[in-house]
Structure formats: C-alpha cells, structure tokens
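Below is final-v4.cif, holding mmCIF, N, CA and C atoms; chains and numbers go by the auth columns.
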```
data_entry
loop_
_atom_site.group_PDB
_atom_site.id
_atom_site.type_symbol
_atom_site.label_atom_id
_atom_site.label_comp_id
_atom_site.label_asym_id
_atom_site.label_seq_id
_atom_site.Cartn_x
_atom_site.Cartn_y
_atom_site.Cartn_z
_atom_site.B_iso_or_equiv
_atom_site.auth_seq_id
_atom_site.auth_asym_id
ATOM 1 N N MET A 1 117.620 -76.233 35.611 0.00 25 O
ATOM 2 C CA MET A 1 116.542 -76.773 34.800 0.00 25 O
ATOM 3 C C MET A 1 116.899 -78.207 34.441 0.00 25 O
ATOM 4 N N ASN A 2 115.986 -79.122 34.666 0.00 26 O
ATOM 5 C CA ASN A 2 116.198 -80.534 34.378 0.00 26 O
ATOM 6 C C ASN A 2 115.496 -80.919 33.091 0.00 26 O
ATOM 7 N N THR A 3 115.967 -81.996 32.496 0.00 27 O
ATOM 8 C CA THR A 3 115.343 -82.519 31.288 0.00 27 O
ATOM 9 C C THR A 3 114.760 -83.888 31.585 0.00 27 O
ATOM 10 N N VAL A 4 113.707 -84.228 30.864 0.00 28 O
ATOM 11 C CA VAL A 4 113.061 -85.521 31.026 0.00 28 O
ATOM 12 C C VAL A 4 112.568 -85.972 29.658 0.00 28 O
ATOM 13 N N ARG A 5 112.763 -87.246 29.370 0.00 29 O
ATOM 14 C CA ARG A 5 112.272 -87.801 28.106 0.00 29 O
ATOM 15 C C ARG A 5 110.792 -88.152 28.240 0.00 29 O
ATOM 16 N N ILE A 6 110.114 -88.235 27.109 0.00 30 O
ATOM 17 C CA ILE A 6 108.666 -88.466 27.103 0.00 30 O
ATOM 18 C C ILE A 6 108.309 -89.764 27.823 0.00 30 O
ATOM 19 N N ALA A 7 109.047 -90.841 27.565 0.00 31 O
ATOM 20 C CA ALA A 7 108.727 -92.128 28.187 0.00 31 O
ATOM 21 C C ALA A 7 108.835 -92.041 29.706 0.00 31 O
ATOM 22 N N ASP A 8 109.878 -91.379 30.200 0.00 32 O
ATOM 23 C CA ASP A 8 110.053 -91.223 31.639 0.00 32 O
ATOM 24 C C ASP A 8 108.966 -90.323 32.221 0.00 32 O
ATOM 25 N N LEU A 9 108.589 -89.278 31.481 0.00 33 O
ATOM 26 C CA LEU A 9 107.527 -88.397 31.939 0.00 33 O
ATOM 27 C C LEU A 9 106.207 -89.166 32.070 0.00 33 O
ATOM 28 N N LYS A 10 105.905 -90.021 31.095 0.00 34 O
ATOM 29 C CA LYS A 10 104.679 -90.810 31.140 0.00 34 O
ATOM 30 C C LYS A 10 104.723 -91.812 32.291 0.00 34 O
ATOM 31 N N ALA A 11 105.878 -92.416 32.510 0.00 35 O
ATOM 32 C CA ALA A 11 105.990 -93.452 33.530 0.00 35 O
ATOM 33 C C ALA A 11 105.934 -92.869 34.946 0.00 35 O
ATOM 34 N N ARG A 12 106.473 -91.676 35.130 0.00 36 O
ATOM 35 C CA ARG A 12 106.553 -91.096 36.477 0.00 36 O
ATOM 36 C C ARG A 12 105.960 -89.686 36.516 0.00 36 O
ATOM 37 N N LEU A 13 104.801 -89.511 35.902 0.00 37 O
ATOM 38 C CA LEU A 13 104.193 -88.189 35.787 0.00 37 O
ATOM 39 C C LEU A 13 103.951 -87.543 37.148 0.00 37 O
ATOM 40 N N SER A 14 103.426 -88.298 38.091 0.00 38 O
ATOM 41 C CA SER A 14 103.121 -87.723 39.410 0.00 38 O
ATOM 42 C C SER A 14 104.381 -87.195 40.089 0.00 38 O
ATOM 43 N N ALA A 15 105.465 -87.944 40.021 0.00 39 O
ATOM 44 C CA ALA A 15 106.710 -87.506 40.650 0.00 39 O
ATOM 45 C C ALA A 15 107.243 -86.243 39.982 0.00 39 O
ATOM 46 N N HIS A 16 107.164 -86.183 38.662 0.00 40 O
ATOM 47 C CA HIS A 16 107.644 -84.994 37.957 0.00 40 O
ATOM 48 C C HIS A 16 106.769 -83.782 38.275 0.00 40 O
ATOM 49 N N LEU A 17 105.465 -83.979 38.363 0.00 41 O
ATOM 50 C CA LEU A 17 104.584 -82.866 38.703 0.00 41 O
ATOM 51 C C LEU A 17 104.815 -82.378 40.129 0.00 41 O
ATOM 52 N N ARG A 18 105.155 -83.277 41.040 0.00 42 O
ATOM 53 C CA ARG A 18 105.496 -82.840 42.398 0.00 42 O
ATOM 54 C C ARG A 18 106.753 -81.978 42.389 0.00 42 O
ATOM 55 N N ALA A 19 107.735 -82.351 41.559 0.00 43 O
ATOM 56 C CA ALA A 19 108.961 -81.554 41.460 0.00 43 O
ATOM 57 C C ALA A 19 108.659 -80.166 40.892 0.00 43 O
ATOM 58 N N VAL A 20 107.792 -80.108 39.914 0.00 44 O
ATOM 59 C CA VAL A 20 107.405 -78.815 39.341 0.00 44 O
ATOM 60 C C VAL A 20 106.663 -77.993 40.382 0.00 44 O
ATOM 61 N N ARG A 21 105.811 -78.624 41.144 0.00 45 O
ATOM 62 C CA ARG A 21 105.072 -77.924 42.195 0.00 45 O
ATOM 63 C C ARG A 21 106.031 -77.324 43.230 0.00 45 O
ATOM 64 N N ARG A 22 107.166 -77.987 43.465 0.00 46 O
ATOM 65 C CA ARG A 22 108.160 -77.470 44.404 0.00 46 O
ATOM 66 C C ARG A 22 109.017 -76.350 43.801 0.00 46 O
ATOM 67 N N GLY A 23 108.818 -76.045 42.507 0.00 47 O
ATOM 68 C CA GLY A 23 109.546 -74.935 41.916 0.00 47 O
ATOM 69 C C GLY A 23 110.514 -75.303 40.810 0.00 47 O
ATOM 70 N N ARG A 24 110.655 -76.561 40.511 0.00 48 O
ATOM 71 C CA ARG A 24 111.587 -76.995 39.473 0.00 48 O
ATOM 72 C C ARG A 24 110.976 -76.821 38.087 0.00 48 O
ATOM 73 N N THR A 25 111.793 -76.496 37.117 0.00 49 O
ATOM 74 C CA THR A 25 111.362 -76.399 35.725 0.00 49 O
ATOM 75 C C THR A 25 111.889 -77.614 34.975 0.00 49 O
ATOM 76 N N LEU A 26 111.015 -78.267 34.220 0.00 50 O
ATOM 77 C CA LEU A 26 111.404 -79.456 33.459 0.00 50 O
ATOM 78 C C LEU A 26 111.266 -79.185 31.969 0.00 50 O
ATOM 79 N N THR A 27 112.282 -79.599 31.204 0.00 51 O
ATOM 80 C CA THR A 27 112.225 -79.539 29.754 0.00 51 O
ATOM 81 C C THR A 27 111.960 -80.946 29.242 0.00 51 O
ATOM 82 N N VAL A 28 110.907 -81.103 28.455 0.00 52 O
ATOM 83 C CA VAL A 28 110.525 -82.410 27.925 0.00 52 O
ATOM 84 C C VAL A 28 111.235 -82.614 26.593 0.00 52 O
ATOM 85 N N LEU A 29 111.903 -83.765 26.461 0.00 53 O
ATOM 86 C CA LEU A 29 112.676 -84.076 25.260 0.00 53 O
ATOM 87 C C LEU A 29 112.017 -85.185 24.456 0.00 53 O
ATOM 88 N N ASP A 30 112.034 -85.017 23.151 0.00 54 O
ATOM 89 C CA ASP A 30 111.619 -86.061 22.230 0.00 54 O
ATOM 90 C C ASP A 30 112.840 -86.396 21.383 0.00 54 O
ATOM 91 N N ARG A 31 113.495 -87.503 21.707 0.00 55 O
ATOM 92 C CA ARG A 31 114.734 -87.903 21.022 0.00 55 O
ATOM 93 C C ARG A 31 115.769 -86.773 21.032 0.00 55 O
ATOM 94 N N ASP A 32 116.064 -86.270 22.207 0.00 56 O
ATOM 95 C CA ASP A 32 117.073 -85.224 22.442 0.00 56 O
ATOM 96 C C ASP A 32 116.683 -83.858 21.893 0.00 56 O
ATOM 97 N N THR A 33 115.440 -83.699 21.444 0.00 57 O
ATOM 98 C CA THR A 33 114.965 -82.411 20.953 0.00 57 O
ATOM 99 C C THR A 33 113.965 -81.845 21.957 0.00 57 O
ATOM 100 N N PRO A 34 114.250 -80.664 22.509 0.00 58 O
ATOM 101 C CA PRO A 34 113.293 -80.068 23.446 0.00 58 O
ATOM 102 C C PRO A 34 111.986 -79.733 22.734 0.00 58 O
ATOM 103 N N ILE A 35 110.861 -80.156 23.326 0.00 59 O
ATOM 104 C CA ILE A 35 109.562 -79.896 22.704 0.00 59 O
ATOM 105 C C ILE A 35 108.608 -79.149 23.632 0.00 59 O
ATOM 106 N N ALA A 36 108.868 -79.172 24.938 0.00 60 O
ATOM 107 C CA ALA A 36 107.965 -78.503 25.868 0.00 60 O
ATOM 108 C C ALA A 36 108.720 -78.185 27.152 0.00 60 O
ATOM 109 N N ARG A 37 108.140 -77.276 27.908 0.00 61 O
ATOM 110 C CA ARG A 37 108.715 -76.914 29.203 0.00 61 O
ATOM 111 C C ARG A 37 107.594 -76.891 30.227 0.00 61 O
ATOM 112 N N LEU A 38 107.787 -77.591 31.328 0.00 62 O
ATOM 113 C CA LEU A 38 106.846 -77.571 32.440 0.00 62 O
ATOM 114 C C LEU A 38 107.392 -76.620 33.488 0.00 62 O
ATOM 115 N N VAL A 39 106.621 -75.596 33.794 0.00 63 O
ATOM 116 C CA VAL A 39 107.055 -74.580 34.766 0.00 63 O
ATOM 117 C C VAL A 39 105.994 -74.468 35.851 0.00 63 O
ATOM 118 N N PRO A 40 106.401 -74.075 37.052 0.00 64 O
ATOM 119 C CA PRO A 40 105.414 -73.882 38.113 0.00 64 O
ATOM 120 C C PRO A 40 104.423 -72.796 37.732 0.00 64 O
ATOM 121 N N TYR A 41 103.186 -72.980 38.124 0.00 65 O
ATOM 122 C CA TYR A 41 102.135 -72.023 37.831 0.00 65 O
ATOM 123 C C TYR A 41 102.240 -70.869 38.820 0.00 65 O
ATOM 124 N N ALA A 42 102.323 -69.647 38.301 0.00 66 O
ATOM 125 C CA ALA A 42 102.391 -68.457 39.151 0.00 66 O
ATOM 126 C C ALA A 42 101.045 -67.750 39.079 0.00 66 O
ATOM 127 N N ARG A 43 100.374 -67.620 40.204 0.00 67 O
ATOM 128 C CA ARG A 43 99.032 -67.038 40.198 0.00 67 O
ATOM 129 C C ARG A 43 99.043 -65.529 40.064 0.00 67 O
ATOM 130 N N GLU A 44 99.777 -64.834 40.876 0.00 68 O
ATOM 131 C CA GLU A 44 99.715 -63.380 40.914 0.00 68 O
ATOM 132 C C GLU A 44 100.774 -62.725 40.038 0.00 68 O
ATOM 133 N N ALA A 45 101.882 -63.364 39.817 0.00 69 O
ATOM 134 C CA ALA A 45 103.002 -62.728 39.111 0.00 69 O
ATOM 135 C C ALA A 45 102.691 -62.462 37.642 0.00 69 O
ATOM 136 N N ASP A 46 101.828 -63.270 37.039 0.00 70 O
ATOM 137 C CA ASP A 46 101.574 -63.143 35.611 0.00 70 O
ATOM 138 C C ASP A 46 100.334 -62.320 35.277 0.00 70 O
ATOM 139 N N THR A 47 99.734 -61.705 36.278 0.00 71 O
ATOM 140 C CA THR A 47 98.532 -60.940 35.996 0.00 71 O
ATOM 141 C C THR A 47 98.894 -59.601 35.372 0.00 71 O
ATOM 142 N N LEU A 48 98.026 -59.130 34.537 0.00 72 O
ATOM 143 C CA LEU A 48 98.213 -57.863 33.859 0.00 72 O
ATOM 144 C C LEU A 48 97.234 -56.866 34.447 0.00 72 O
ATOM 145 N N SER A 49 97.736 -55.708 34.792 0.00 73 O
ATOM 146 C CA SER A 49 96.841 -54.687 35.319 0.00 73 O
ATOM 147 C C SER A 49 96.931 -53.441 34.441 0.00 73 O
ATOM 148 N N VAL A 50 95.806 -52.791 34.273 0.00 74 O
ATOM 149 C CA VAL A 50 95.728 -51.575 33.477 0.00 74 O
ATOM 150 C C VAL A 50 95.631 -50.412 34.445 0.00 74 O
ATOM 151 N N ARG A 51 96.448 -49.418 34.245 0.00 75 O
ATOM 152 C CA ARG A 51 96.427 -48.264 35.139 0.00 75 O
ATOM 153 C C ARG A 51 96.277 -46.986 34.329 0.00 75 O
ATOM 154 N N ARG A 52 95.894 -45.943 34.974 0.00 76 O
ATOM 155 C CA ARG A 52 95.729 -44.647 34.325 0.00 76 O
ATOM 156 C C ARG A 52 97.108 -44.021 34.091 0.00 76 O
ATOM 157 N N PRO A 53 97.223 -43.190 33.047 0.00 77 O
ATOM 158 C CA PRO A 53 98.500 -42.497 32.826 0.00 77 O
ATOM 159 C C PRO A 53 98.814 -41.554 33.979 0.00 77 O
ATOM 160 N N ARG A 54 100.077 -41.263 34.148 0.00 78 O
ATOM 161 C CA ARG A 54 100.491 -40.330 35.192 0.00 78 O
ATOM 162 C C ARG A 54 99.978 -38.931 34.875 0.00 78 O
ATOM 163 N N PRO A 55 99.749 -38.160 35.890 0.00 79 O
ATOM 164 C CA PRO A 55 99.320 -36.778 35.640 0.00 79 O
ATOM 165 C C PRO A 55 100.389 -36.022 34.849 0.00 79 O
ATOM 166 N N GLY A 56 99.968 -35.303 33.849 0.00 80 O
ATOM 167 C CA GLY A 56 100.895 -34.537 33.024 0.00 80 O
ATOM 168 C C GLY A 56 101.458 -35.305 31.839 0.00 80 O
ATOM 169 N N ALA A 57 101.161 -36.600 31.741 0.00 81 O
ATOM 170 C CA ALA A 57 101.646 -37.390 30.605 0.00 81 O
ATOM 171 C C ALA A 57 100.917 -36.943 29.344 0.00 81 O
ATOM 172 N N PRO A 58 101.605 -36.898 28.195 0.00 82 O
ATOM 173 C CA PRO A 58 100.935 -36.457 26.967 0.00 82 O
ATOM 174 C C PRO A 58 99.899 -37.478 26.505 0.00 82 O
ATOM 175 N N ARG A 59 98.892 -37.026 25.817 0.00 83 O
ATOM 176 C CA ARG A 59 97.883 -37.902 25.226 0.00 83 O
ATOM 177 C C ARG A 59 98.546 -38.724 24.123 0.00 83 O
ATOM 178 N N LEU A 60 97.996 -39.883 23.854 0.00 84 O
ATOM 179 C CA LEU A 60 98.604 -40.775 22.868 0.00 84 O
ATOM 180 C C LEU A 60 98.728 -40.121 21.493 0.00 84 O
ATOM 181 N N HIS A 61 97.741 -39.340 21.089 0.00 85 O
ATOM 182 C CA HIS A 61 97.816 -38.725 19.757 0.00 85 O
ATOM 183 C C HIS A 61 98.863 -37.612 19.705 0.00 85 O
ATOM 184 N N ARG A 62 99.418 -37.232 20.843 0.00 86 O
ATOM 185 C CA ARG A 62 100.460 -36.197 20.893 0.00 86 O
ATOM 186 C C ARG A 62 101.881 -36.788 20.932 0.00 86 O
ATOM 187 N N VAL A 63 101.995 -38.083 21.163 0.00 87 O
ATOM 188 C CA VAL A 63 103.314 -38.727 21.236 0.00 87 O
ATOM 189 C C VAL A 63 103.850 -38.876 19.820 0.00 87 O
ATOM 190 N N PRO A 64 105.042 -38.332 19.533 0.00 88 O
ATOM 191 C CA PRO A 64 105.575 -38.425 18.167 0.00 88 O
ATOM 192 C C PRO A 64 106.010 -39.853 17.838 0.00 88 O
ATOM 193 N N LEU A 65 105.736 -40.279 16.633 0.00 89 O
ATOM 194 C CA LEU A 65 106.157 -41.594 16.168 0.00 89 O
ATOM 195 C C LEU A 65 107.587 -41.534 15.669 0.00 89 O
ATOM 196 N N PRO A 66 108.338 -42.628 15.803 0.00 90 O
ATOM 197 C CA PRO A 66 109.692 -42.640 15.251 0.00 90 O
ATOM 198 C C PRO A 66 109.637 -42.612 13.725 0.00 90 O
ATOM 199 N N PRO A 67 110.709 -42.174 13.090 0.00 91 O
ATOM 200 C CA PRO A 67 110.703 -42.158 11.628 0.00 91 O
ATOM 201 C C PRO A 67 110.646 -43.582 11.076 0.00 91 O
ATOM 202 N N PRO A 68 110.064 -43.772 9.892 0.00 92 O
ATOM 203 C CA PRO A 68 109.990 -45.120 9.317 0.00 92 O
ATOM 204 C C PRO A 68 111.385 -45.658 9.000 0.00 92 O
ATOM 205 N N LEU A 69 111.526 -46.960 9.138 0.00 93 O
ATOM 206 C CA LEU A 69 112.806 -47.598 8.824 0.00 93 O
ATOM 207 C C LEU A 69 113.018 -47.629 7.322 0.00 93 O
ATOM 208 N N ARG A 70 114.226 -47.437 6.930 0.00 94 O
ATOM 209 C CA ARG A 70 114.575 -47.519 5.515 0.00 94 O
ATOM 210 C C ARG A 70 115.309 -48.843 5.302 0.00 94 O
ATOM 211 N N LEU A 71 114.553 -49.824 4.834 0.00 95 O
ATOM 212 C CA LEU A 71 115.103 -51.157 4.632 0.00 95 O
ATOM 213 C C LEU A 71 115.286 -51.424 3.149 0.00 95 O
ATOM 214 N N LYS A 72 116.322 -52.193 2.842 0.00 96 O
ATOM 215 C CA LYS A 72 116.562 -52.596 1.457 0.00 96 O
ATOM 216 C C LYS A 72 115.966 -53.971 1.185 0.00 96 O
ATOM 217 N N VAL A 73 115.118 -54.431 2.102 0.00 97 O
ATOM 218 C CA VAL A 73 114.515 -55.755 2.003 0.00 97 O
ATOM 219 C C VAL A 73 112.999 -55.579 1.918 0.00 97 O
ATOM 220 N N ASP A 74 112.364 -56.364 1.068 0.00 98 O
ATOM 221 C CA ASP A 74 110.912 -56.336 0.964 0.00 98 O
ATOM 222 C C ASP A 74 110.332 -57.192 2.089 0.00 98 O
ATOM 223 N N VAL A 75 109.797 -56.543 3.104 0.00 99 O
ATOM 224 C CA VAL A 75 109.299 -57.235 4.282 0.00 99 O
ATOM 225 C C VAL A 75 108.116 -58.133 3.934 0.00 99 O
ATOM 226 N N LEU A 76 107.255 -57.687 3.052 0.00 100 O
ATOM 227 C CA LEU A 76 106.102 -58.497 2.669 0.00 100 O
ATOM 228 C C LEU A 76 106.528 -59.780 1.950 0.00 100 O
ATOM 229 N N ALA A 77 107.561 -59.679 1.124 0.00 101 O
ATOM 230 C CA ALA A 77 108.066 -60.878 0.440 0.00 101 O
ATOM 231 C C ALA A 77 108.643 -61.869 1.452 0.00 101 O
ATOM 232 N N LEU A 78 109.340 -61.371 2.457 0.00 102 O
ATOM 233 C CA LEU A 78 109.885 -62.246 3.496 0.00 102 O
ATOM 234 C C LEU A 78 108.769 -62.932 4.269 0.00 102 O
ATOM 235 N N LEU A 79 107.730 -62.181 4.610 0.00 103 O
ATOM 236 C CA LEU A 79 106.606 -62.748 5.336 0.00 103 O
ATOM 237 C C LEU A 79 105.906 -63.823 4.507 0.00 103 O
ATOM 238 N N LYS A 80 105.698 -63.542 3.230 0.00 104 O
ATOM 239 C CA LYS A 80 105.050 -64.515 2.347 0.00 104 O
ATOM 240 C C LYS A 80 105.877 -65.793 2.234 0.00 104 O
ATOM 241 N N LYS A 81 107.190 -65.651 2.115 0.00 105 O
ATOM 242 C CA LYS A 81 108.084 -66.805 2.011 0.00 105 O
ATOM 243 C C LYS A 81 108.030 -67.628 3.301 0.00 105 O
ATOM 244 N N GLU A 82 108.038 -66.953 4.443 0.00 106 O
ATOM 245 C CA GLU A 82 107.996 -67.651 5.733 0.00 106 O
ATOM 246 C C GLU A 82 106.684 -68.410 5.895 0.00 106 O
ATOM 247 N N ARG A 83 105.588 -67.812 5.501 0.00 107 O
ATOM 248 C CA ARG A 83 104.290 -68.474 5.637 0.00 107 O
ATOM 249 C C ARG A 83 104.165 -69.668 4.690 0.00 107 O
ATOM 250 N N GLN A 84 104.785 -69.598 3.518 0.00 108 O
ATOM 251 C CA GLN A 84 104.735 -70.737 2.610 0.00 108 O
ATOM 252 C C GLN A 84 105.565 -71.899 3.117 0.00 108 O
ATOM 253 N N GLN A 85 106.644 -71.608 3.854 0.00 109 O
ATOM 254 C CA GLN A 85 107.488 -72.673 4.413 0.00 109 O
ATOM 255 C C GLN A 85 106.782 -73.425 5.525 0.00 109 O
ATOM 256 N N GLU A 86 105.832 -72.794 6.203 0.00 110 O
ATOM 257 C CA GLU A 86 105.121 -73.435 7.297 0.00 110 O
ATOM 258 C C GLU A 86 104.123 -74.477 6.805 0.00 110 O
ATOM 259 N N ARG A 87 103.736 -74.420 5.556 0.00 111 O
ATOM 260 C CA ARG A 87 102.729 -75.356 5.034 0.00 111 O
ATOM 261 C C ARG A 87 103.308 -76.700 4.741 0.00 111 O
#
```
Any chance you could give the structure as structure tokens?
Amino acid sequence: MNTVRIADLKARLSAHLRAVRRGRTLTVLDRDTPIARLVPYAREADTLSVRRPRPGAPRLHRVPLPPPLRLKVDVLALLKKERQQER
C-alpha cells in the first residue's frame, strides 16, 4: 500500500488513478495523517446475495438467543458521552 499527500494527488491525479486501476491501493495523507484510501473498484466481489435457508434449518423464532451480558458499565451513559464528544 502506497501513501500520497494531497498536493501530489491533486497534481498527478490521472497517474494515481491509473495505478489504482492496475490494482494498487493508495492512502491519502493530510500532513502525515491518513484521511482516505483509494482502492480499486470491485464489481462482483462486493455484491450481496440473499439465499433461502438450508433444508432442515430451524426457523428464526426457534433459534435460542444468548444470555444477556452482565456488565458493570452503563452502556447508555457511555453512548451519550461519546455522542456529546462528537459535537
């Protein structure tokens, strides 16, 4: 995986896109901080297909759920704190 700075990417965009088209992955840096990744576009590999369950597989309402986790941490408080930090 190669890295490229924003100024170089802007100056030589066509050359970098040709390299990506050939299969190379580029990480875009903003002052030594990775901010984006250019990867080759895969047409068929990333498709999602839905299929029927195998014969004899149990119905979803029959699959037992795992027991609830016993945490000593208030998950909602953590989520609220994280969301306030994003503002």
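In this comparison, which uses only C-alpha atoms, the residue of O:Ser73, O:Thr57, O:Thr49, O:Gln109 approaching Arg29 of chain O most closely is O:Thr57.
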Legend entry - Point-to-point distance from atom CA of Glu110 of chain O to atom CA of Thr27 of chain O, Å rounded to tenths: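 Result for atom CA of Glu110 of chain O versus atom CA of Thr27 of chain O: 27.6 Å, one decimal.
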Inset, instruction - Among the residues of chain O, find those DSSP assigns to helix (DSSP H, G or I) from the backbone and print them as a ChimeraX atom specification. - result: /O:30-35,37-45,84-86,99-109
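What the PyMOL selection byres (((chain O and resi 54 and name CA) around 12) and name CA) grabs from this file is Thr27, Val28, Arg29, Ile30, Ala31, Asp32, Leu33, Thr51, Val52, Leu53, Arg55, Asp56, Thr57, Pro58, Ile59, Ala60 and Arg61 of chain O.
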Inset, instruction - Could you tell me how far atom N of Tyr65 of chain O lies from atom N of Arg46 of chain O, in Å and to one decimal? - result: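 So the two atoms, atom N of Tyr65 of chain O and atom N of Arg46 of chain O, lie 8.3 Å apart.
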Legend entry - For atom C of Val74 of chain O and atom N of Arg86 of chain O, the interatomic separation in Å (one decimal):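 Those two atoms sit 19.3 Å apart.
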Inset, instruction - Just the strand (DSSP E) stuff from chain O, please, per backbone DSSP, written as a PyMOL selection string. - result: chain O and resi 26-29+50-54+57-62
